[in-house]
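Below is one structure; the comments refer to it alone.
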Amino acid sequence: MRKSLSRYFPVFVLPTLAAFTIAFAVPFVMGIYLSFTKFTTITNAQWVGIDNYVKAFTYDGDFVHALWFTALFTVVSVVTVNVFAFILALLLTRGIRGTNFFRSVFFMPNLIGGIVLGYIWNLLINGVLSYSGTDLTYKAEYGFWGLVLLTNWQLIGYMMVIYIAGLQNIPDSLSEAASIDGASPFKTLIRIKIPMVMASITICTFLTLTNSFKMFDQNLALTAGLPEKETEMLALNIYNTFYGRSGWQGIGQAKAVMFFIIVAAIAFIQLKITKSREVEQ
Amino acid sequence: MRIINKKRIFMSAAAIVCAMTIFTGCGESDRVTVRYLNFKPESAEIYKELAKSYEEETGVRVIVETAANNQYESTLAAKMATDEAPTLFQINGPRGYANWKDYCADLSDTKLYKSLTDKSLAVESDGKVCGIPYVVEGYGIIYNKALTDKYFSLPSKATDFTSMDEIDSYEKLKALVEDMQKNASELGIDGVFASTSLKAGEDWRWQTHLANIPIYYEFENNGTDLSSDETKRISFEYSEEFFNIFDLYLNNSTVDRKTVGTKTVTDSMAEFALEKCVMVQNGNWAWGQISGVDGNKVKAENVKYLPIYMGIDGEETQGLCVGTENFYAINSQASAEEQQAAADFIYWLYSSDKGKDYVINKLGFIAPFDTFGENEVPDDPLAKEVMRWMNSKNASSIPWNFTVFPSAAFKESFGASLLKYAQGTKSRDEVKADFVSGWEKESAALE
């Protein structure tokens, strides 16, 4: 068995390994190297040390502002998306008429690309705001809540599907035992359902957290940072740094490396916390 | 054991071959080719066509690739690092050159440079010619003569003007525009000026083109040497004049000034084409956009240009803003044969009968080379108007000094400030202060 495994290693693993190396590992290492250089194209890089990292913070406050804005946005989105998705999942596992139809309807927004979605919501929200003579670019708050709304609309359906799968996996014997013992529906929810779907909560918070933190297309299409970069999120800030000034590619790259570390760290901590609360069935 | 090993080697080889074919594709012959990275997506098909006829005529292959709208710099950066780097590309002026100086060959010995009529238009650095302008463009206020004539014959008009030729200063323009706005319903328009597009990415007509004029006059006043470090500081001396015309645009428009954050250039041009407005600020490249609007009402013979007057002394003799942001550059890291092939190709394009036909009639360029006769100009009304103003004895053109604006980041942030000004959340003084400090900071950021 071992022998045949190692014999077929090249056929089954090598192509994937090569693809992984070429498409991920090499660019990743090169990216880190480039963040310490000044470059126009990747072949003419000159070493500048940590200069780029210093400039990312000292040149202007945009990066730090984008970081806080993104963090706030992420917190609000993670909470709202998961709460609404869970409520929908509860409603749609009760066997009401048209359950399948509603599930499809809620899932559909997830199939639309970010840029398109951004433009559609830009038109919608501006259409509503025009009654008060303003638009999305008027105040940072408008842009912020616009982004939250868009993210909710896009992600709720997907998370709902995961929660539905989790809820359907709860053994009937548990809920029956609870109702025989006289537990109220609310108590059942808190003591039985939520602990039993912790695995779904882990994956859903992970997905919403990373998706919100890395958001780019929707941000670009909905507000593009207006007014005056107040609604600029991290990914968009990196993009603008990279292409906004000649010779600033290295600084954009340095920001991108920090961005990776932040996203990885937050996702790792979140996984640790929620995983520890999962229960064995 | 041995058999297994052999099998293993064979399998590894097979797997590697599999992977290689996915990642490399087929090899190419060593023939000298010209690789051109085109800037204008709207002309992509035309370039492909002319590349084909060049190959038929000379046997030299020209591969044209086109960058998506607003993606030229990023596409160029990505392509430059590959084996198939462009041998012919374009830079947008001195700032663009700074980014690509390691890749710009000296073009002073090329035939195309020698036939350039006005050598001062080229991008030069340390006695090297690095960019040859290949098209001249002009911008100003485009107006619809049918509507202005209608206004001049209105019984309810309150001004004494009888022709647009009388308008040669901001004062007169303001009087005309404001009275026209009062008579909007008689004229059947929503406003005099098309909407002032200030959506992100749609604000270049103001943060770049309109801002060019006060900056040009400031440089003129101070005798600034444009190729020196003197351009790293400005005082925005004519900010009031800038805001005067900007307010005129905003207050006499088809839309409320608070809603301009949702407006795009396409919206503005459509309003002009559908005769919802009389005037719009844009360049001669906009004709295609105007004539392409469904239900276009504007007739070609009625499309005219007026210089942008903002109340600066001596503006009576001001013409349109004429210049270019499109300069050919040849990749200095390509082989000598390839560089020569690229130079031959662009000279062919601008000197042979076939090439010139493409330039004039299909690309619609006003070419700045002595290989073109006086009648060899594109057949579109705005290009003709630009030529008329350029050749006028009473007016002198304003060059495109915005090529020395510090960076795209600077222009974007100025555009965002202008939006806040339009919405009433930022004052003239604040915008001016940000403009001055932003200019200095952004200039310093480029070393």
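Ordering of the structure tokens sets the chain letters (A, B, ...); residue numbers start at 1 within each chain; ligands are numbered from 1 in the order shown.
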Counting only C-alpha atoms, give me one row per residue of chain A with an atom at most 7 Å from an atom of chain B, showing the shortest contact pair and its distance in Å to one decimal, sorted by chain then residue number, as JSON lines.
```
{"residue": "A:Arg7", "atom": "CA", "partner": "B:Arg8", "partner_atom": "CA", "distance": 6.3}
{"residue": "A:Pro10", "atom": "CA", "partner": "B:Ser12", "partner_atom": "CA", "distance": 5.1}
{"residue": "A:Val11", "atom": "CA", "partner": "B:Ala15", "partner_atom": "CA", "distance": 5.8}
{"residue": "A:Leu14", "atom": "CA", "partner": "B:Ala15", "partner_atom": "CA", "distance": 6.8}
{"residue": "A:Pro15", "atom": "CA", "partner": "B:Ala19", "partner_atom": "CA", "distance": 5.9}
{"residue": "A:Thr40", "atom": "CA", "partner": "B:Ala77", "partner_atom": "CA", "distance": 6.5}
{"residue": "A:Thr41", "atom": "CA", "partner": "B:Ala77", "partner_atom": "CA", "distance": 5.3}
{"residue": "A:Ile42", "atom": "CA", "partner": "B:Ala81", "partner_atom": "CA", "distance": 6.0}
{"residue": "A:Thr43", "atom": "CA", "partner": "B:Ala81", "partner_atom": "CA", "distance": 5.9}
{"residue": "A:Gly133", "atom": "CA", "partner": "B:Lys258", "partner_atom": "CA", "distance": 6.6}
{"residue": "A:Thr134", "atom": "CA", "partner": "B:Thr259", "partner_atom": "CA", "distance": 5.9}
{"residue": "A:Asp135", "atom": "CA", "partner": "B:Thr259", "partner_atom": "CA", "distance": 6.5}
{"residue": "A:Thr137", "atom": "CA", "partner": "B:Gly261", "partner_atom": "CA", "distance": 6.1}
{"residue": "A:Ala224", "atom": "CA", "partner": "B:Ala200", "partner_atom": "CA", "distance": 6.3}
{"residue": "A:Leu226", "atom": "CA", "partner": "B:Ala416", "partner_atom": "CA", "distance": 6.7}
{"residue": "A:Pro227", "atom": "CA", "partner": "B:Ala416", "partner_atom": "CA", "distance": 6.3}
{"residue": "A:Glu228", "atom": "CA", "partner": "B:Ala416", "partner_atom": "CA", "distance": 5.1}
{"residue": "A:Gly244", "atom": "CA", "partner": "B:Ala409", "partner_atom": "CA", "distance": 4.5}
{"residue": "A:Arg245", "atom": "CA", "partner": "B:Ser407", "partner_atom": "CA", "distance": 5.1}
{"residue": "A:Ser246", "atom": "CA", "partner": "B:Asn99", "partner_atom": "CA", "distance": 5.3}
{"residue": "A:Gly247", "atom": "CA", "partner": "B:Asn99", "partner_atom": "CA", "distance": 6.2}
```
Include all heavy atoms and write out the residues we just selected as a short mmCIF file (atom, residue, chain, number, x, y, z; two decimals), in the first residue's frame.
```
data_model
loop_
_atom_site.label_atom_id
_atom_site.label_comp_id
_atom_site.auth_asym_id
_atom_site.auth_seq_id
_atom_site.Cartn_x
_atom_site.Cartn_y
_atom_site.Cartn_z
N ARG A 7 4.61 5.31 -5.30
CA ARG A 7 4.85 5.15 -6.73
C ARG A 7 4.00 6.13 -7.55
O ARG A 7 4.43 6.68 -8.54
CB ARG A 7 4.52 3.71 -7.14
CG ARG A 7 4.93 3.49 -8.58
CD ARG A 7 4.72 2.10 -9.10
NE ARG A 7 4.33 1.07 -8.17
CZ ARG A 7 3.53 0.06 -8.53
NH1 ARG A 7 3.05 -0.02 -9.76
NH2 ARG A 7 3.20 -0.87 -7.67
N PRO A 10 4.14 11.04 -8.09
CA PRO A 10 4.36 12.03 -9.16
C PRO A 10 3.11 12.32 -9.98
O PRO A 10 2.89 13.45 -10.40
CB PRO A 10 5.43 11.39 -10.04
CG PRO A 10 5.99 10.28 -9.27
CD PRO A 10 4.98 9.86 -8.27
N VAL A 11 2.29 11.32 -10.20
CA VAL A 11 1.13 11.52 -11.06
C VAL A 11 0.07 12.38 -10.38
O VAL A 11 -0.49 13.29 -10.97
CB VAL A 11 0.51 10.17 -11.46
CG1 VAL A 11 -0.66 10.41 -12.41
CG2 VAL A 11 1.56 9.29 -12.07
N LEU A 14 2.41 15.73 -7.89
CA LEU A 14 3.36 16.65 -8.51
C LEU A 14 2.71 17.79 -9.31
O LEU A 14 3.11 18.94 -9.15
CB LEU A 14 4.36 15.87 -9.37
CG LEU A 14 5.74 16.53 -9.46
CD1 LEU A 14 6.40 16.62 -8.09
CD2 LEU A 14 6.63 15.76 -10.42
N PRO A 15 1.72 17.51 -10.15
CA PRO A 15 1.11 18.63 -10.90
C PRO A 15 0.54 19.69 -9.97
O PRO A 15 0.76 20.89 -10.17
CB PRO A 15 -0.01 17.96 -11.70
CG PRO A 15 0.39 16.54 -11.81
CD PRO A 15 1.12 16.22 -10.54
N THR A 40 9.75 49.28 -10.61
CA THR A 40 8.71 49.62 -11.58
C THR A 40 8.15 48.33 -12.14
O THR A 40 6.95 48.13 -12.20
CB THR A 40 9.28 50.47 -12.73
OG1 THR A 40 9.95 51.58 -12.17
CG2 THR A 40 8.16 50.97 -13.63
N THR A 41 9.05 47.44 -12.57
CA THR A 41 8.63 46.09 -12.93
C THR A 41 9.43 45.15 -12.02
O THR A 41 10.42 45.57 -11.42
CB THR A 41 8.94 45.76 -14.39
OG1 THR A 41 10.36 45.74 -14.54
CG2 THR A 41 8.35 46.80 -15.31
N ILE A 42 9.02 43.90 -11.96
CA ILE A 42 9.66 43.02 -10.98
C ILE A 42 11.11 42.70 -11.32
O ILE A 42 11.83 42.16 -10.51
CB ILE A 42 8.86 41.71 -10.78
CG1 ILE A 42 8.62 41.03 -12.12
CG2 ILE A 42 7.57 41.96 -10.07
CD1 ILE A 42 8.04 39.64 -11.97
N THR A 43 11.55 43.08 -12.52
CA THR A 43 12.93 42.75 -12.87
C THR A 43 13.93 43.87 -12.58
O THR A 43 15.12 43.68 -12.68
CB THR A 43 13.03 42.38 -14.36
OG1 THR A 43 12.31 43.36 -15.11
CG2 THR A 43 12.47 41.00 -14.62
N GLY A 133 -31.82 65.34 -1.82
CA GLY A 133 -30.89 66.22 -2.53
C GLY A 133 -29.43 65.88 -2.30
O GLY A 133 -28.57 66.73 -2.49
N THR A 134 -29.13 64.66 -1.88
CA THR A 134 -27.74 64.29 -1.67
C THR A 134 -27.46 62.97 -2.38
O THR A 134 -28.31 62.43 -3.08
CB THR A 134 -27.41 64.11 -0.17
OG1 THR A 134 -28.33 63.18 0.35
CG2 THR A 134 -27.48 65.42 0.57
N ASP A 135 -26.26 62.45 -2.19
CA ASP A 135 -25.94 61.13 -2.71
C ASP A 135 -24.88 60.48 -1.82
O ASP A 135 -24.46 61.08 -0.83
CB ASP A 135 -25.48 61.21 -4.17
CG ASP A 135 -24.28 62.11 -4.33
OD1 ASP A 135 -23.17 61.69 -3.97
OD2 ASP A 135 -24.45 63.24 -4.82
N THR A 137 -21.85 60.16 -1.93
CA THR A 137 -20.55 60.81 -1.72
C THR A 137 -20.64 61.95 -0.71
O THR A 137 -19.66 62.60 -0.42
CB THR A 137 -20.04 61.39 -3.05
OG1 THR A 137 -20.98 62.37 -3.50
CG2 THR A 137 -19.87 60.32 -4.10
N ALA A 224 -15.76 54.30 -4.03
CA ALA A 224 -14.40 54.62 -4.49
C ALA A 224 -13.66 55.50 -3.48
O ALA A 224 -12.79 56.28 -3.84
CB ALA A 224 -14.43 55.26 -5.87
N LEU A 226 -14.86 58.01 -1.75
CA LEU A 226 -15.44 59.34 -1.55
C LEU A 226 -16.31 59.37 -0.30
O LEU A 226 -16.90 58.37 0.04
CB LEU A 226 -16.26 59.75 -2.77
CG LEU A 226 -15.44 60.05 -4.03
CD1 LEU A 226 -16.36 60.26 -5.22
CD2 LEU A 226 -14.56 61.27 -3.83
N PRO A 227 -16.45 60.49 0.40
CA PRO A 227 -15.77 61.77 0.18
C PRO A 227 -14.33 61.77 0.71
O PRO A 227 -14.10 61.34 1.84
CB PRO A 227 -16.63 62.74 0.97
CG PRO A 227 -17.25 61.91 2.06
CD PRO A 227 -17.40 60.54 1.50
N GLU A 228 -13.44 62.25 -0.09
CA GLU A 228 -12.03 62.43 0.28
C GLU A 228 -11.43 61.24 1.03
O GLU A 228 -10.88 61.38 2.11
CB GLU A 228 -11.86 63.71 1.10
CG GLU A 228 -12.10 64.95 0.27
CD GLU A 228 -11.56 66.21 0.90
OE1 GLU A 228 -11.58 66.29 2.14
OE2 GLU A 228 -11.10 67.09 0.16
N GLY A 244 -1.09 55.23 -7.70
CA GLY A 244 -1.35 56.66 -7.60
C GLY A 244 -0.14 57.55 -7.88
O GLY A 244 -0.28 58.67 -8.32
N ARG A 245 1.06 57.06 -7.59
CA ARG A 245 2.25 57.88 -7.77
C ARG A 245 3.32 57.03 -8.41
O ARG A 245 3.46 55.86 -8.07
CB ARG A 245 2.80 58.37 -6.42
CG ARG A 245 1.80 59.10 -5.59
CD ARG A 245 2.35 59.43 -4.24
NE ARG A 245 1.32 60.05 -3.43
CZ ARG A 245 0.55 59.38 -2.57
NH1 ARG A 245 0.74 58.10 -2.38
NH2 ARG A 245 -0.38 60.01 -1.90
N SER A 246 4.10 57.64 -9.31
CA SER A 246 5.15 56.83 -9.91
C SER A 246 6.23 56.57 -8.87
O SER A 246 6.57 57.45 -8.07
CB SER A 246 5.72 57.52 -11.14
OG SER A 246 6.17 58.80 -10.83
N GLY A 247 6.74 55.37 -8.85
CA GLY A 247 7.79 55.01 -7.89
C GLY A 247 7.27 54.55 -6.54
O GLY A 247 8.04 54.30 -5.63
#
```
| message | Need to verify the contact set: Tyr103 in chain B, 10 Å, only C-alpha atoms, exclusion of same-chain residues closer than 3 positions in sequence. Can you return it as a ChimeraX atom specification? | response | /B:80,87,89,97,99-100,106,130,329-334
Test item: residues at most 12 Å from Thr196 in chain B, only C-alpha atoms, excluding those fewer than 4 positions along its chain, as a PDB file with C-alpha atoms, in the first residue's frame:
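What follows is the written file selection37.pdb:
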```
ATOM      1  CA  GLY B 191     -29.459  74.282 -18.183  1.00  0.00           C
ATOM      2  CA  VAL B 192     -26.655  76.031 -20.036  1.00  0.00           C
ATOM      3  CA  GLU B 202     -14.972  60.981 -13.937  1.00  0.00           C
ATOM      4  CA  ASP B 203     -13.548  64.231 -12.606  1.00  0.00           C
ATOM      5  CA  TRP B 204     -10.526  64.701 -14.895  1.00  0.00           C
ATOM      6  CA  ARG B 205     -12.176  67.502 -16.840  1.00  0.00           C
ATOM      7  CA  TRP B 206     -11.903  69.668 -13.716  1.00  0.00           C
ATOM      8  CA  GLN B 207      -9.041  68.387 -11.577  1.00  0.00           C
ATOM      9  CA  LEU B 210      -9.632  73.126 -15.943  1.00  0.00           C
ATOM     10  CA  ILE B 245     -15.678  79.519 -13.782  1.00  0.00           C
ATOM     11  CA  PHE B 246     -16.256  76.358 -11.742  1.00  0.00           C
ATOM     12  CA  ASP B 247     -19.193  78.034 -10.005  1.00  0.00           C
ATOM     13  CA  LEU B 248     -20.509  79.231 -13.344  1.00  0.00           C
ATOM     14  CA  TYR B 249     -20.497  75.600 -14.522  1.00  0.00           C
ATOM     15  CA  LEU B 250     -22.159  74.347 -11.341  1.00  0.00           C
ATOM     16  CA  ASN B 251     -24.809  77.024 -10.905  1.00  0.00           C
ATOM     17  CA  ASN B 252     -26.017  77.209 -14.497  1.00  0.00           C
ATOM     18  CA  SER B 253     -26.229  73.534 -15.127  1.00  0.00           C
ATOM     19  CA  THR B 254     -28.763  70.888 -16.026  1.00  0.00           C
ATOM     20  CA  VAL B 255     -28.590  69.466 -12.494  1.00  0.00           C
ATOM     21  CA  ASP B 256     -28.403  70.709  -8.933  1.00  0.00           C
ATOM     22  CA  ARG B 257     -24.821  71.241  -7.774  1.00  0.00           C
ATOM     23  CA  LYS B 258     -25.302  68.876  -4.852  1.00  0.00           C
ATOM     24  CA  THR B 259     -25.925  65.882  -7.110  1.00  0.00           C
ATOM     25  CA  VAL B 260     -22.802  66.078  -9.267  1.00  0.00           C
ATOM     26  CA  GLY B 261     -21.149  63.268  -7.288  1.00  0.00           C
ATOM     27  CA  THR B 262     -23.202  60.767  -9.282  1.00  0.00           C
ATOM     28  CA  LYS B 263     -22.545  62.246 -12.719  1.00  0.00           C
ATOM     29  CA  THR B 264     -20.222  60.777 -15.333  1.00  0.00           C
ATOM     30  CA  VAL B 265     -18.600  62.218 -18.444  1.00  0.00           C
ATOM     31  CA  THR B 266     -20.928  60.048 -20.523  1.00  0.00           C
ATOM     32  CA  ASP B 267     -23.920  61.714 -18.837  1.00  0.00           C
ATOM     33  CA  SER B 268     -22.566  65.149 -19.717  1.00  0.00           C
ATOM     34  CA  MET B 269     -21.910  64.299 -23.338  1.00  0.00           C
ATOM     35  CA  GLU B 271     -26.982  65.880 -22.326  1.00  0.00           C
ATOM     36  CA  CYS B 277     -27.726  71.908 -22.568  1.00  0.00           C
ATOM     37  CA  MET B 279     -22.257  74.050 -23.538  1.00  0.00           C
ATOM     38  CA  VAL B 280     -19.896  71.418 -22.204  1.00  0.00           C
ATOM     39  CA  GLN B 281     -16.191  71.511 -21.446  1.00  0.00           C
ATOM     40  CA  ASN B 282     -14.307  68.729 -23.212  1.00  0.00           C
ATOM     41  CA  GLY B 415     -11.110  66.052  -7.543  1.00  0.00           C
ATOM     42  CA  LEU B 418     -13.876  69.836  -5.664  1.00  0.00           C
ATOM     43  CA  LEU B 419     -16.783  67.474  -5.057  1.00  0.00           C
ATOM     44  CA  ALA B 422     -19.716  71.570  -5.017  1.00  0.00           C
ATOM     45  CA  GLN B 423     -21.725  69.938  -2.228  1.00  0.00           C
TER      46      GLN B 423
END
```
Original post:
If you run DSSP on this backbone, which residues of range 128-286 of chain B come out as helix (DSSP H, G or I), and could you give them as a PyMOL selection string?
Top reply: chain B and resi 145-152+164-166+170-182+184-187+204-222+229-232+239-251+257-262+265-273+284-286
Would you mind listing what lies within 12 Å of range 170-185 of chain A as a PDB file with N, CA and C atoms, in the first residue's frame, with only C-alpha atoms counted and same-chain residues fewer than 3 positions away left out?
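The new file selection37.pdb reads:
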```pdb
ATOM      1  N   LEU A  90     -33.269  29.686  10.596  1.00  0.00           N
ATOM      2  CA  LEU A  90     -34.266  29.158  11.539  1.00  0.00           C
ATOM      3  C   LEU A  90     -35.647  29.153  10.904  1.00  0.00           C
ATOM      4  N   THR A  93     -36.145  26.432   8.182  1.00  0.00           N
ATOM      5  CA  THR A  93     -36.041  25.008   8.508  1.00  0.00           C
ATOM      6  C   THR A  93     -37.298  24.558   9.241  1.00  0.00           C
ATOM      7  N   TYR A 163     -25.872  27.576   7.581  1.00  0.00           N
ATOM      8  CA  TYR A 163     -26.598  27.405   8.840  1.00  0.00           C
ATOM      9  C   TYR A 163     -27.721  26.373   8.694  1.00  0.00           C
ATOM     10  N   ILE A 164     -28.391  26.406   7.543  1.00  0.00           N
ATOM     11  CA  ILE A 164     -29.473  25.436   7.337  1.00  0.00           C
ATOM     12  C   ILE A 164     -28.912  24.013   7.425  1.00  0.00           C
ATOM     13  N   ALA A 165     -27.776  23.799   6.763  1.00  0.00           N
ATOM     14  CA  ALA A 165     -27.149  22.473   6.801  1.00  0.00           C
ATOM     15  C   ALA A 165     -26.839  22.085   8.239  1.00  0.00           C
ATOM     16  N   GLY A 166     -26.333  23.056   9.020  1.00  0.00           N
ATOM     17  CA  GLY A 166     -26.000  22.787  10.423  1.00  0.00           C
ATOM     18  C   GLY A 166     -27.238  22.429  11.218  1.00  0.00           C
ATOM     19  N   LEU A 167     -28.303  23.209  11.043  1.00  0.00           N
ATOM     20  CA  LEU A 167     -29.539  22.998  11.809  1.00  0.00           C
ATOM     21  C   LEU A 167     -30.170  21.649  11.472  1.00  0.00           C
ATOM     22  N   THR A 188     -34.413  26.101  24.028  1.00  0.00           N
ATOM     23  CA  THR A 188     -33.931  25.107  23.064  1.00  0.00           C
ATOM     24  C   THR A 188     -32.905  25.731  22.125  1.00  0.00           C
ATOM     25  N   LEU A 189     -33.238  26.972  21.722  1.00  0.00           N
ATOM     26  CA  LEU A 189     -32.339  27.670  20.799  1.00  0.00           C
ATOM     27  C   LEU A 189     -30.971  27.885  21.431  1.00  0.00           C
ATOM     28  N   ILE A 190     -30.993  28.414  22.672  1.00  0.00           N
ATOM     29  CA  ILE A 190     -29.742  28.771  23.331  1.00  0.00           C
ATOM     30  C   ILE A 190     -28.951  27.530  23.743  1.00  0.00           C
ATOM     31  N   ARG A 191     -29.651  26.533  24.310  1.00  0.00           N
ATOM     32  CA  ARG A 191     -28.953  25.387  24.893  1.00  0.00           C
ATOM     33  C   ARG A 191     -28.690  24.251  23.905  1.00  0.00           C
ATOM     34  N   ILE A 192     -29.568  24.122  22.932  1.00  0.00           N
ATOM     35  CA  ILE A 192     -29.418  22.990  22.003  1.00  0.00           C
ATOM     36  C   ILE A 192     -28.925  23.436  20.636  1.00  0.00           C
ATOM     37  N   LYS A 193     -29.705  24.312  19.992  1.00  0.00           N
ATOM     38  CA  LYS A 193     -29.418  24.622  18.593  1.00  0.00           C
ATOM     39  C   LYS A 193     -28.081  25.331  18.408  1.00  0.00           C
ATOM     40  N   ILE A 194     -27.875  26.416  19.149  1.00  0.00           N
ATOM     41  CA  ILE A 194     -26.636  27.170  18.931  1.00  0.00           C
ATOM     42  C   ILE A 194     -25.389  26.333  19.229  1.00  0.00           C
ATOM     43  N   PRO A 195     -25.324  25.649  20.379  1.00  0.00           N
ATOM     44  CA  PRO A 195     -24.122  24.818  20.601  1.00  0.00           C
ATOM     45  C   PRO A 195     -23.939  23.765  19.521  1.00  0.00           C
ATOM     46  N   MET A 196     -25.060  23.230  18.999  1.00  0.00           N
ATOM     47  CA  MET A 196     -24.945  22.173  18.008  1.00  0.00           C
ATOM     48  C   MET A 196     -24.504  22.678  16.633  1.00  0.00           C
ATOM     49  N   VAL A 197     -24.705  23.974  16.365  1.00  0.00           N
ATOM     50  CA  VAL A 197     -24.263  24.485  15.062  1.00  0.00           C
ATOM     51  C   VAL A 197     -22.968  25.289  15.173  1.00  0.00           C
ATOM     52  N   MET A 198     -22.236  25.109  16.263  1.00  0.00           N
ATOM     53  CA  MET A 198     -20.995  25.873  16.442  1.00  0.00           C
ATOM     54  C   MET A 198     -20.043  25.693  15.259  1.00  0.00           C
ATOM     55  N   ALA A 199     -20.034  24.487  14.681  1.00  0.00           N
ATOM     56  CA  ALA A 199     -19.136  24.260  13.539  1.00  0.00           C
ATOM     57  C   ALA A 199     -19.517  25.185  12.383  1.00  0.00           C
ATOM     58  N   SER A 200     -20.833  25.358  12.174  1.00  0.00           N
ATOM     59  CA  SER A 200     -21.281  26.275  11.126  1.00  0.00           C
ATOM     60  C   SER A 200     -20.921  27.712  11.469  1.00  0.00           C
ATOM     61  N   VAL A 279     -18.843  21.519  19.874  1.00  0.00           N
ATOM     62  CA  VAL A 279     -19.098  20.327  20.686  1.00  0.00           C
ATOM     63  C   VAL A 279     -19.163  19.095  19.793  1.00  0.00           C
ATOM     64  N   GLU A 280     -18.799  17.990  20.343  1.00  0.00           N
ATOM     65  CA  GLU A 280     -18.890  16.732  19.594  1.00  0.00           C
ATOM     66  C   GLU A 280     -20.337  16.266  19.605  1.00  0.00           C
ATOM     67  N   GLN A 281     -20.808  15.772  18.475  1.00  0.00           N
ATOM     68  CA  GLN A 281     -22.184  15.273  18.454  1.00  0.00           C
ATOM     69  C   GLN A 281     -22.223  13.843  18.953  1.00  0.00           C
TER      70      GLN A 281
END
```
Within 9 Å of Leu147 in chain B, counting only C-alpha atoms, which residues qualify if same-chain residues fewer than 4 places away don't, as number ranges by chain?
B: 143, 151-152, 187, 275, 277-278, 302
_Run DSSP on the backbone and tell me which residues of range 29-265 of chain A come out as strand (DSSP E or B); list them as JSON, numbers by chain._
{"A": [37, 38, 46, 47]}
Given the selection you just returned, output its residues as a file containing N, CA and C atoms, formatted as an mmCIF file, in the first residue's frame.
```
data_model
loop_
_atom_site.group_PDB
_atom_site.id
_atom_site.type_symbol
_atom_site.label_atom_id
_atom_site.label_comp_id
_atom_site.auth_asym_id
_atom_site.auth_seq_id
_atom_site.Cartn_x
_atom_site.Cartn_y
_atom_site.Cartn_z
ATOM 1 N N THR A 37 11.854 46.798 -1.664
ATOM 2 C CA THR A 37 12.592 47.382 -2.780
ATOM 3 C C THR A 37 11.811 48.521 -3.415
ATOM 4 N N LYS A 38 12.505 49.255 -4.288
ATOM 5 C CA LYS A 38 11.842 50.242 -5.145
ATOM 6 C C LYS A 38 11.819 49.625 -6.530
ATOM 7 N N GLN A 46 15.283 47.604 -6.722
ATOM 8 C CA GLN A 46 16.478 47.985 -5.956
ATOM 9 C C GLN A 46 16.148 47.939 -4.474
ATOM 10 N N TRP A 47 17.036 47.369 -3.691
ATOM 11 C CA TRP A 47 16.820 47.183 -2.261
ATOM 12 C C TRP A 47 16.765 48.527 -1.532
#
```
Notebook entry, point to check: Which one of A:Phe216, A:Phe69, A:Phe24, A:Phe106 sits closest to Phe144 in chain A if you count only C-alpha atoms?
Noted result: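 Of A:Phe216, A:Phe69, A:Phe24, A:Phe106, the one nearest Phe144 in chain A is A:Phe69, counting only C-alpha atoms.
Distance annotation: of A:Val29, A:Thr99, A:Met258, A:Val161, the residue with the minimal separation from Ile201 in chain A is A:Val161; atom set is only C-alpha atoms.
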Review point. Closest to Val79 in chain A among A:Thr151, A:Ser132, A:Thr58, A:Asn110, using only C-alpha atoms?
Key: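 Smallest distance to Val79 in chain A is found for A:Thr151.
Here CA of Lys174 in chain B stands at a distance of 14.4 Å from CA of Glu316 in chain B.
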Using Å and a single decimal, report how far CA of Ser351 in chain B sits from CA of Glu65 in chain B.
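Rounded to one decimal, the two atoms are 22.7 Å apart.
The space between CA of Asp313 in chain B and CA of Tyr217 in chain B spans 9.4 Å.
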Query raised in the report: If we count only C-alpha atoms, what is near Lys128 in chain B at a cut-off of 9 Å, once residues fewer than 2 positions away on the same chain are taken out, given as a ChimeraX atom specification?
Result: /B:105-108,123-126,130
